[in-house]
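Have a look at the structure below, then the notes.
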Amino acid sequence: MNASSRLTASFLLIASLCVTGCVSHEETVYQEEPRVSVEFENETAGRIFYEALSKTERRLDRSESSTQINIPVVFEHKTRVVRGQNAAFNAAVRRCDTNNDGRITEQEARIFANQG
Ligand SMILES: [Ca+2]
């Protein structure tokens, strides 16, 4: 095989990879984390917090991120990360418990609920 034939063979190999869809890989990763422990000042604080959390979850459906790596022509890799409900709960607690004392007061819950 001479140099010209090798070049032609390489070109045909790359072209056939492109025509057949190249190398593609797609994966979904589910991430769950333990719930942080938190206490509420009173029942009203808990109710306001959980109502606001449930509105947020309905609006966002589920936390999800996506990463896509493409090396043109030859390789494609997609990763989709789906975060579990505990992650949404923990993020809400971090936002709501503004002084980070592990206790959500009625005032903190009302502020969190009004942030939407
Ligand atoms: Ca607090």
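Letters A, B, ... mark the chains of the structure tokens in the order given; residue numbers begin at 1 per chain; ligand numbers begin at 1, in order shown.
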Hey, what's within 7 Å of Gly102 of chain A if we count only C-alpha atoms and toss same-chain stuff fewer than 5 positions away? As a ChimeraX atom specification, please? /A:38-39,97
Apply DSSP to the structure's backbone, then extract all residues of segment 25-100 of chain A labelled strand (DSSP E or B) and return them as a PyMOL selection string. chain A and resi 25-31+39-40+64-71+75-83
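Nearest residue to ligand 1, choosing from A:Ala109, A:Leu53, A:Ile69, A:Leu7 and counting only C-alpha atoms and all ligand atoms: A:Ala109.
Using only C-alpha atoms and all ligand atoms, the nearest neighbour of ligand 1 within the list A:Arg110, A:Arg47, A:Gln115, A:Phe40 is A:Phe40.
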Proximity check chain A to ligand 1, 7 Å, nearest pairs one decimal Å, only C-alpha atoms and all ligand atoms, as a Markdown table:
| residue | atom | partner | partner_atom_place_in_ligand_line | distance |
| --- | --- | --- | --- | --- |
| A:Asp97 | CA | ligand 1 | 1 (Ca) | 4.3 |
| A:Thr98 | CA | ligand 1 | 1 (Ca) | 5.7 |
| A:Asn99 | CA | ligand 1 | 1 (Ca) | 4.9 |
| A:Asn100 | CA | ligand 1 | 1 (Ca) | 5.4 |
| A:Asp101 | CA | ligand 1 | 1 (Ca) | 4.8 |
| A:Gly102 | CA | ligand 1 | 1 (Ca) | 5.8 |
| A:Arg103 | CA | ligand 1 | 1 (Ca) | 4.4 |
| A:Ile104 | CA | ligand 1 | 1 (Ca) | 4.5 |
| A:Thr105 | CA | ligand 1 | 1 (Ca) | 5.8 |
| A:Glu108 | CA | ligand 1 | 1 (Ca) | 6.7 |
Pull C-alpha atoms from the residues just selected and write them as a PDB file, in the first residue's frame.
ATOM      1  CA  ASP A  97     -31.524  29.158  57.381  1.00  0.00           C
ATOM      2  CA  THR A  98     -29.783  32.481  56.830  1.00  0.00           C
ATOM      3  CA  ASN A  99     -27.791  32.455  60.091  1.00  0.00           C
ATOM      4  CA  ASN A 100     -26.795  28.759  59.678  1.00  0.00           C
ATOM      5  CA  ASP A 101     -27.769  27.744  63.210  1.00  0.00           C
ATOM      6  CA  GLY A 102     -29.636  24.591  62.063  1.00  0.00           C
ATOM      7  CA  ARG A 103     -32.958  26.078  63.196  1.00  0.00           C
ATOM      8  CA  ILE A 104     -35.450  27.689  60.847  1.00  0.00           C
ATOM      9  CA  THR A 105     -37.412  30.436  62.511  1.00  0.00           C
ATOM     10  CA  GLU A 108     -36.636  32.927  58.070  1.00  0.00           C
TER      11      GLU A 108
END
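If you measure from each of A:Ala9, A:Cys96, A:Ile111, A:Gln85 to Ser54 of chain A using only C-alpha atoms, the closest one turns out to be A:Gln85.
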I need the helix (DSSP H, G or I) residues of chain A per DSSP on the backbone, written as number ranges by chain. A: 3-19, 43-60, 85-96, 106-115
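Proximity to Glu106 of chain A was assessed for A:Thr8, A:Ser37, A:Ser66, A:Phe49 counting only C-alpha atoms; the smallest distance is recorded for A:Phe49.
Atom CA of Arg35 of chain A is positioned 5.4 Å from atom CA of Asn86 of chain A.
The residue that comes closest to Val81 of chain A, out of A:Ala52, A:Ala113, A:Val29, A:Ala45 and on the basis of only C-alpha atoms, is A:Val29.
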Write out as a PyMOL selection string each polymer residue whose atoms come within 9 Å of Arg95 of chain A, counting only C-alpha atoms; drop sequence neighbours fewer than 4 positions from it. chain A and resi 90-91+112
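Minimum distance to Thr79 of chain A across A:Ser24, A:Thr44, A:Glu51, A:Thr67 (counting only C-alpha atoms) occurs at A:Thr67.
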